$ cat input-v8.cif   # mmCIF, C-alpha atoms
data_final
#
loop_
_atom_site.label_atom_id
_atom_site.label_comp_id
_atom_site.auth_asym_id
_atom_site.auth_seq_id
_atom_site.Cartn_x
_atom_site.Cartn_y
_atom_site.Cartn_z
CA MET H 1 -47.14 130.85 20.15
CA SER H 2 -49.46 133.66 21.20
CA ARG H 3 -53.02 133.42 19.92
CA VAL H 4 -52.96 137.10 19.04
CA ALA H 5 -49.73 136.77 17.06
CA LYS H 6 -51.09 133.88 14.98
CA LYS H 7 -53.63 136.13 13.25
CA PRO H 8 -52.05 138.02 10.32
CA VAL H 9 -52.54 141.77 9.80
CA ASP H 10 -54.25 142.49 6.47
CA LEU H 11 -53.04 145.54 4.54
CA PRO H 12 -55.98 147.33 2.90
CA GLN H 13 -55.87 149.04 -0.51
CA GLY H 14 -53.48 152.00 -0.49
CA VAL H 15 -51.38 150.79 2.46
CA SER H 16 -47.84 149.50 1.96
CA ALA H 17 -45.42 147.97 4.41
CA THR H 18 -41.64 147.77 4.31
CA VAL H 19 -40.03 145.09 6.46
CA SER H 20 -36.36 145.22 7.39
CA ALA H 21 -34.40 143.15 9.91
CA ASP H 22 -35.02 145.47 12.86
CA ALA H 23 -38.04 147.64 11.89
CA VAL H 24 -41.37 147.70 10.05
CA THR H 25 -42.62 150.83 8.27
CA VAL H 26 -46.29 151.20 7.33
CA LYS H 27 -47.27 153.92 4.83
CA GLY H 28 -50.79 155.03 4.02
CA ALA H 29 -52.89 158.01 2.97
CA LYS H 30 -52.51 159.83 6.32
CA GLY H 31 -48.79 159.29 6.83
CA SER H 32 -46.08 156.83 7.76
CA LEU H 33 -45.31 155.00 11.04
CA THR H 34 -42.30 152.89 12.02
CA LEU H 35 -42.11 150.14 14.66
CA ALA H 36 -38.75 148.89 15.95
CA LEU H 37 -38.68 145.10 16.38
CA LYS H 38 -37.35 143.33 19.47
CA THR H 39 -34.65 140.69 19.12
CA GLY H 40 -36.20 137.31 18.37
CA ILE H 41 -39.32 138.69 16.64
CA ARG H 42 -39.66 138.27 12.87
CA VAL H 43 -42.24 139.95 10.64
CA GLU H 44 -42.85 138.69 7.10
CA LEU H 45 -44.85 140.31 4.30
CA LYS H 46 -46.85 137.71 2.37
CA ASP H 47 -49.66 138.57 -0.09
CA LYS H 48 -50.54 141.98 1.42
CA ARG H 49 -50.47 140.46 4.94
CA LEU H 50 -48.04 140.92 7.79
CA GLU H 51 -47.27 137.77 9.76
CA VAL H 52 -45.49 137.88 13.13
CA GLU H 53 -43.36 135.00 14.40
CA ALA H 54 -41.34 134.57 17.59
CA ASP H 55 -38.24 132.54 18.31
CA THR H 56 -39.48 129.46 20.15
CA ALA H 57 -36.18 129.08 22.02
CA ALA H 58 -36.43 132.33 24.00
CA GLU H 59 -38.81 132.56 26.93
CA GLY H 60 -41.42 135.32 27.05
CA LEU H 61 -41.29 136.16 23.35
CA ASN H 62 -44.84 134.90 22.75
CA ALA H 63 -46.27 137.87 24.64
CA ILE H 64 -43.99 140.28 22.79
CA ALA H 65 -45.05 138.74 19.46
CA GLY H 66 -48.71 139.32 20.35
CA ALA H 67 -47.98 142.93 21.35
CA THR H 68 -46.04 143.48 18.12
CA ARG H 69 -48.98 142.18 16.08
CA ALA H 70 -51.37 144.50 17.97
CA HIS H 71 -49.05 147.48 17.39
CA LEU H 72 -48.90 146.67 13.65
CA ALA H 73 -52.71 146.46 13.46
CA ASN H 74 -52.98 149.84 15.25
CA MET H 75 -50.47 151.33 12.81
CA VAL H 76 -52.49 150.13 9.81
CA THR H 77 -55.67 151.61 11.30
CA GLY H 78 -53.82 154.86 12.08
CA VAL H 79 -52.52 155.44 8.54
CA THR H 80 -55.94 154.67 7.01
CA GLN H 81 -58.50 156.17 9.43
CA GLY H 82 -56.51 157.91 12.18
CA TYR H 83 -57.33 158.20 15.89
CA GLU H 84 -59.17 160.87 17.83
CA LYS H 85 -59.78 161.68 21.50
CA LYS H 86 -62.37 164.30 22.41
CA LEU H 87 -62.07 166.31 25.61
CA GLU H 88 -64.62 168.56 27.31
CA LEU H 89 -63.96 171.51 29.59
CA VAL H 90 -66.60 171.56 32.34
CA GLY H 91 -66.68 174.62 34.56
CA VAL H 92 -67.36 178.34 34.49
CA GLY H 93 -64.53 180.22 32.80
CA TYR H 94 -62.63 177.11 31.68
CA ARG H 95 -61.25 177.83 28.20
CA ALA H 96 -58.73 176.54 25.70
CA ALA H 97 -57.05 178.43 22.85
CA VAL H 98 -54.45 177.43 20.28
CA GLN H 99 -51.64 179.93 19.69
CA ALA H 100 -49.03 178.89 17.11
CA LYS H 101 -47.56 175.58 18.43
CA SER H 102 -49.00 175.72 21.95
CA LEU H 103 -52.34 175.17 23.66
CA THR H 104 -53.23 177.76 26.32
CA LEU H 105 -55.61 176.49 29.00
CA THR H 106 -57.53 178.56 31.55
CA LEU H 107 -58.59 176.03 34.21
CA GLY H 108 -59.38 178.05 37.32
CA TYR H 109 -55.81 178.42 38.52
CA SER H 110 -54.16 181.79 39.15
CA HIS H 111 -52.02 181.24 36.06
CA LEU H 112 -52.48 180.09 32.47
CA ILE H 113 -51.26 176.65 31.49
CA SER H 114 -49.29 176.49 28.25
CA TYR H 115 -48.97 173.05 26.66
CA ALA H 116 -46.69 172.49 23.66
CA ILE H 117 -48.58 170.64 20.95
CA PRO H 118 -46.46 167.67 19.80
CA ASP H 119 -45.82 167.14 16.10
CA GLY H 120 -48.19 164.70 14.45
CA VAL H 121 -51.04 165.45 16.87
CA ILE H 122 -53.55 168.15 15.98
CA VAL H 123 -56.49 168.81 18.33
CA VAL H 124 -55.81 165.41 19.89
CA LYS H 125 -56.16 163.79 16.49
CA GLY H 126 -53.41 161.85 14.77
CA ILE H 127 -52.24 158.60 13.25
CA ASP H 128 -50.28 157.26 16.23
CA ARG H 129 -52.67 155.72 18.76
CA GLN H 130 -50.23 155.87 21.67
CA ARG H 131 -49.33 159.52 21.07
CA VAL H 132 -52.97 160.63 20.74
CA GLY H 133 -53.94 158.87 23.97
CA GLN H 134 -50.89 160.17 25.85
CA THR H 135 -51.51 163.77 24.75
CA ALA H 136 -55.17 163.58 25.79
CA ALA H 137 -54.18 162.10 29.16
CA GLU H 138 -51.61 164.87 29.77
CA ILE H 139 -54.15 167.60 29.00
CA ARG H 140 -56.73 165.88 31.25
CA GLY H 141 -54.08 165.63 33.99
CA PHE H 142 -53.89 169.43 34.37
CA ARG H 143 -57.36 169.48 36.00
CA PRO H 144 -59.06 166.05 36.26
CA PRO H 145 -62.80 166.12 37.00
CA GLU H 146 -63.51 166.56 40.68
CA PRO H 147 -66.14 164.28 42.27
CA TYR H 148 -68.46 166.90 43.82
CA LYS H 149 -69.37 169.23 40.93
CA GLY H 150 -67.72 167.41 38.03
CA LYS H 151 -65.64 170.47 37.06
CA GLY H 152 -62.44 169.86 35.12
CA VAL H 153 -61.18 168.35 31.88
CA LYS H 154 -62.86 165.05 30.98
CA TYR H 155 -63.16 162.74 28.02
CA THR H 156 -66.42 163.13 26.08
CA ASP H 157 -67.47 159.53 26.73
CA GLU H 158 -66.33 159.55 30.39
CA LYS H 159 -69.02 159.18 33.05
CA ILE H 160 -68.35 161.05 36.30
CA SER H 161 -70.24 159.70 39.31
CA LEU H 162 -70.80 162.67 41.60
CA LYS H 163 -70.56 162.31 45.37
CA GLU H 164 -73.17 163.66 47.69
CA ALA H 165 -72.25 166.93 49.41
CA LYS H 166 -71.48 166.99 53.12
CA LYS H 167 -74.52 167.45 55.35
CA LYS H 168 -74.62 169.64 58.43
#
$ encode --input "input-v8.cif" --output "structure tokens"
Amino acid sequence: MSRVAKKPVDLPQGVSATVSADAVTVKGAKGSLTLALKTGIRVELKDKRLEVEADTAAEGLNAIAGATRAHLANMVTGVTQGYEKKLELVGVGYRAAVQAKSLTLTLGYSHLISYAIPDGVIVVKGIDRQRVGQTAAEIRGFRPPEPYKGKGVKYTDEKISLKEAKKK
């Protein structure tokens, strides 16, 4: 059995979990998240704790049990505290504006970039860790920081090591 899967996930005050045969739903103050379970993985709710078990007969299920436990822990954190990714626009004239359900980015191209804001993610904040990270990565992907001046879209905590300019 996976070492990660052996540790149960504690449900704090105000968080409830519903376990069915093929899915687990976690509800909290910020919303509700559902995780579909793979075949051979069982989740049990015991005393405000979620315990993950794998079929010992099938090969490779230990890793999936550990990943399932990690996903459940991320879901509990998401519905209680939420997740957030901060991005910075570095460069002259680089701007971002929210219009209805889309984010309009001016990133030095000859055209504006319009990005549809997905449901459940507001200003790269949300309860689903994967969705918040994916949205931030997609926005960063429009103009990643370049290595000579550092211009572009970067994470707030990201360190850009600048290259030395070419010498004549």
$ closest_residue --input "input-v8.cif" --among "H:Leu87, H:Ala100, H:Val92, H:Leu11" --to "Val124 of chain H" --atoms "only C-alpha atoms"
H:Leu87
$ resolve_selection --input "input-v8.cif" --expression "the PyMOL selection byres ((chain H and resi 35) around 9)" --output "PyMOL selection string"
chain H and resi 22-26+33-34+36-37+68+71-72+75
$ write_last_selection --input "input-v8.cif" --atoms "C-alpha atoms" --output "PDB file, in the coordinates of the input"
ATOM      1  CA  ASP H  22     -35.020 145.470  12.860  1.00  0.00           C
ATOM      2  CA  ALA H  23     -38.040 147.640  11.890  1.00  0.00           C
ATOM      3  CA  VAL H  24     -41.370 147.700  10.050  1.00  0.00           C
ATOM      4  CA  THR H  25     -42.620 150.830   8.270  1.00  0.00           C
ATOM      5  CA  VAL H  26     -46.290 151.200   7.330  1.00  0.00           C
ATOM      6  CA  LEU H  33     -45.310 155.000  11.040  1.00  0.00           C
ATOM      7  CA  THR H  34     -42.300 152.890  12.020  1.00  0.00           C
ATOM      8  CA  ALA H  36     -38.750 148.890  15.950  1.00  0.00           C
ATOM      9  CA  LEU H  37     -38.680 145.100  16.380  1.00  0.00           C
ATOM     10  CA  THR H  68     -46.040 143.480  18.120  1.00  0.00           C
ATOM     11  CA  HIS H  71     -49.050 147.480  17.390  1.00  0.00           C
ATOM     12  CA  LEU H  72     -48.900 146.670  13.650  1.00  0.00           C
ATOM     13  CA  MET H  75     -50.470 151.330  12.810  1.00  0.00           C
TER      14      MET H  75
END
$ closest_residue --input "input-v8.cif" --among "H:Gly40, H:Pro145, H:Pro8, H:Gly152" --to "Thr56 of chain H" --atoms "all atoms listed in the file"
H:Gly40
$ closest_residue --input "input-v8.cif" --among "H:Lys86, H:Lys38, H:Lys6, H:Lys151" --to "Ala137 of chain H" --atoms "all atoms listed in the file"
H:Lys86
$ residues_around --input "input-v8.cif" --residues "Val132 of chain H" --least-positions-apart "4" --cutoff "8 Å" --atoms "all atoms listed in the file" --output "ChimeraX atom specification"
/H:83-85,121,124-128,136
$ closest_residue --input "input-v8.cif" --among "H:Arg131, H:Lys30, H:Lys168, H:Arg49" --to "Thr18 of chain H" --atoms "all atoms listed in the file"
H:Arg49
$ resolve_selection --input "input-v8.cif" --expression "the PyMOL selection byres ((chain H and resi 16) around 12)" --output "mmCIF file with C-alpha atoms, in the frame of the given file"
data_model
loop_
_atom_site.group_PDB
_atom_site.id
_atom_site.type_symbol
_atom_site.label_atom_id
_atom_site.label_comp_id
_atom_site.auth_asym_id
_atom_site.auth_seq_id
_atom_site.Cartn_x
_atom_site.Cartn_y
_atom_site.Cartn_z
ATOM 1 C CA VAL H 9 -52.540 141.770 9.800
ATOM 2 C CA ASP H 10 -54.250 142.490 6.470
ATOM 3 C CA LEU H 11 -53.040 145.540 4.540
ATOM 4 C CA PRO H 12 -55.980 147.330 2.900
ATOM 5 C CA GLN H 13 -55.870 149.040 -0.510
ATOM 6 C CA GLY H 14 -53.480 152.000 -0.490
ATOM 7 C CA VAL H 15 -51.380 150.790 2.460
ATOM 8 C CA ALA H 17 -45.420 147.970 4.410
ATOM 9 C CA THR H 18 -41.640 147.770 4.310
ATOM 10 C CA VAL H 19 -40.030 145.090 6.460
ATOM 11 C CA VAL H 24 -41.370 147.700 10.050
ATOM 12 C CA THR H 25 -42.620 150.830 8.270
ATOM 13 C CA VAL H 26 -46.290 151.200 7.330
ATOM 14 C CA LYS H 27 -47.270 153.920 4.830
ATOM 15 C CA GLY H 28 -50.790 155.030 4.020
ATOM 16 C CA ALA H 29 -52.890 158.010 2.970
ATOM 17 C CA GLY H 31 -48.790 159.290 6.830
ATOM 18 C CA SER H 32 -46.080 156.830 7.760
ATOM 19 C CA LEU H 33 -45.310 155.000 11.040
ATOM 20 C CA THR H 34 -42.300 152.890 12.020
ATOM 21 C CA LEU H 45 -44.850 140.310 4.300
ATOM 22 C CA LYS H 46 -46.850 137.710 2.370
ATOM 23 C CA ASP H 47 -49.660 138.570 -0.090
ATOM 24 C CA LYS H 48 -50.540 141.980 1.420
ATOM 25 C CA ARG H 49 -50.470 140.460 4.940
ATOM 26 C CA LEU H 50 -48.040 140.920 7.790
ATOM 27 C CA MET H 75 -50.470 151.330 12.810
ATOM 28 C CA VAL H 76 -52.490 150.130 9.810
ATOM 29 C CA VAL H 79 -52.520 155.440 8.540
ATOM 30 C CA THR H 80 -55.940 154.670 7.010
#
$ atom_distance --input "input-v8.cif" --atom1 "atom CA of Leu89 of chain H" --atom2 "atom CA of Ser161 of chain H"
16.5 Å
$ atom_distance --input "input-v8.cif" --atom1 "atom CA of Asp157 of chain H" --atom2 "atom CA of Gly91 of chain H"
17.0 Å
$ closest_residue --input "input-v8.cif" --among "H:Lys154, H:Arg3, H:Lys159, H:Lys166" --to "Glu88 of chain H" --atoms "all atoms listed in the file"
H:Lys154
$ closest_residue --input "input-v8.cif" --among "H:Ala116, H:Ala165, H:Ile41, H:Ile64" --to "Thr135 of chain H" --atoms "only C-alpha atoms"
H:Ala116
$ residues_around --input "input-v8.cif" --residues "Lys163 of chain H" --least-positions-apart "2" --cutoff "12 Å" --atoms "all atoms listed in the file" --output "number ranges by chain"
H: 146-150, 160-161, 165-167
$ decode --input "input-v8.cif" --residues "segment 42-60 of chain H" --atoms "N, CA and C atoms" --output "PDB file, in the first residue's frame"
ATOM      1  N   ARG H  42     -11.258   2.235  -3.143  1.00  0.00           N
ATOM      2  CA  ARG H  42     -12.376   2.411  -2.234  1.00  0.00           C
ATOM      3  C   ARG H  42     -12.065   3.548  -1.272  1.00  0.00           C
ATOM      4  N   VAL H  43     -13.068   4.375  -1.015  1.00  0.00           N
ATOM      5  CA  VAL H  43     -12.946   5.458  -0.031  1.00  0.00           C
ATOM      6  C   VAL H  43     -14.034   5.233   1.013  1.00  0.00           C
ATOM      7  N   GLU H  44     -13.634   5.287   2.291  1.00  0.00           N
ATOM      8  CA  GLU H  44     -14.583   5.098   3.383  1.00  0.00           C
ATOM      9  C   GLU H  44     -14.570   6.320   4.286  1.00  0.00           C
ATOM     10  N   LEU H  45     -15.742   6.695   4.789  1.00  0.00           N
ATOM     11  CA  LEU H  45     -15.886   7.814   5.707  1.00  0.00           C
ATOM     12  C   LEU H  45     -16.038   7.258   7.110  1.00  0.00           C
ATOM     13  N   LYS H  46     -15.044   7.508   7.964  1.00  0.00           N
ATOM     14  CA  LYS H  46     -15.063   7.013   9.342  1.00  0.00           C
ATOM     15  C   LYS H  46     -14.704   8.159  10.284  1.00  0.00           C
ATOM     16  N   ASP H  47     -15.613   8.528  11.165  1.00  0.00           N
ATOM     17  CA  ASP H  47     -15.348   9.540  12.199  1.00  0.00           C
ATOM     18  C   ASP H  47     -14.755  10.824  11.632  1.00  0.00           C
ATOM     19  N   LYS H  48     -15.437  11.438  10.663  1.00  0.00           N
ATOM     20  CA  LYS H  48     -14.974  12.688  10.044  1.00  0.00           C
ATOM     21  C   LYS H  48     -13.584  12.548   9.423  1.00  0.00           C
ATOM     22  N   ARG H  49     -13.279  11.360   8.906  1.00  0.00           N
ATOM     23  CA  ARG H  49     -12.017  11.094   8.205  1.00  0.00           C
ATOM     24  C   ARG H  49     -12.318  10.283   6.965  1.00  0.00           C
ATOM     25  N   LEU H  50     -11.593  10.601   5.894  1.00  0.00           N
ATOM     26  CA  LEU H  50     -11.696   9.824   4.665  1.00  0.00           C
ATOM     27  C   LEU H  50     -10.487   8.904   4.578  1.00  0.00           C
ATOM     28  N   GLU H  51     -10.740   7.609   4.403  1.00  0.00           N
ATOM     29  CA  GLU H  51      -9.663   6.635   4.292  1.00  0.00           C
ATOM     30  C   GLU H  51      -9.711   6.003   2.901  1.00  0.00           C
ATOM     31  N   VAL H  52      -8.546   5.928   2.259  1.00  0.00           N
ATOM     32  CA  VAL H  52      -8.443   5.407   0.892  1.00  0.00           C
ATOM     33  C   VAL H  52      -7.796   4.029   0.947  1.00  0.00           C
ATOM     34  N   GLU H  53      -8.400   3.079   0.231  1.00  0.00           N
ATOM     35  CA  GLU H  53      -7.851   1.726   0.158  1.00  0.00           C
ATOM     36  C   GLU H  53      -7.829   1.282  -1.300  1.00  0.00           C
ATOM     37  N   ALA H  54      -6.827   0.458  -1.634  1.00  0.00           N
ATOM     38  CA  ALA H  54      -6.713  -0.068  -2.992  1.00  0.00           C
ATOM     39  C   ALA H  54      -6.870  -1.577  -2.965  1.00  0.00           C
ATOM     40  N   ASP H  55      -7.361  -2.120  -4.079  1.00  0.00           N
ATOM     41  CA  ASP H  55      -7.403  -3.563  -4.246  1.00  0.00           C
ATOM     42  C   ASP H  55      -5.970  -4.070  -4.300  1.00  0.00           C
ATOM     43  N   THR H  56      -5.622  -5.031  -3.479  1.00  0.00           N
ATOM     44  CA  THR H  56      -4.253  -5.526  -3.481  1.00  0.00           C
ATOM     45  C   THR H  56      -3.983  -6.439  -4.667  1.00  0.00           C
ATOM     46  N   ALA H  57      -5.035  -6.951  -5.297  1.00  0.00           N
ATOM     47  CA  ALA H  57      -4.849  -7.890  -6.409  1.00  0.00           C
ATOM     48  C   ALA H  57      -4.355  -7.182  -7.668  1.00  0.00           C
ATOM     49  N   ALA H  58      -4.833  -5.987  -7.917  1.00  0.00           N
ATOM     50  CA  ALA H  58      -4.476  -5.283  -9.155  1.00  0.00           C
ATOM     51  C   ALA H  58      -3.132  -4.579  -9.001  1.00  0.00           C
ATOM     52  N   GLU H  59      -2.363  -4.603 -10.088  1.00  0.00           N
ATOM     53  CA  GLU H  59      -1.034  -3.993 -10.069  1.00  0.00           C
ATOM     54  C   GLU H  59      -1.122  -2.511 -10.409  1.00  0.00           C
ATOM     55  N   GLY H  60      -0.371  -1.680  -9.718  1.00  0.00           N
ATOM     56  CA  GLY H  60      -0.323  -0.255 -10.004  1.00  0.00           C
ATOM     57  C   GLY H  60      -1.383   0.569  -9.298  1.00  0.00           C
TER      58      GLY H  60
END
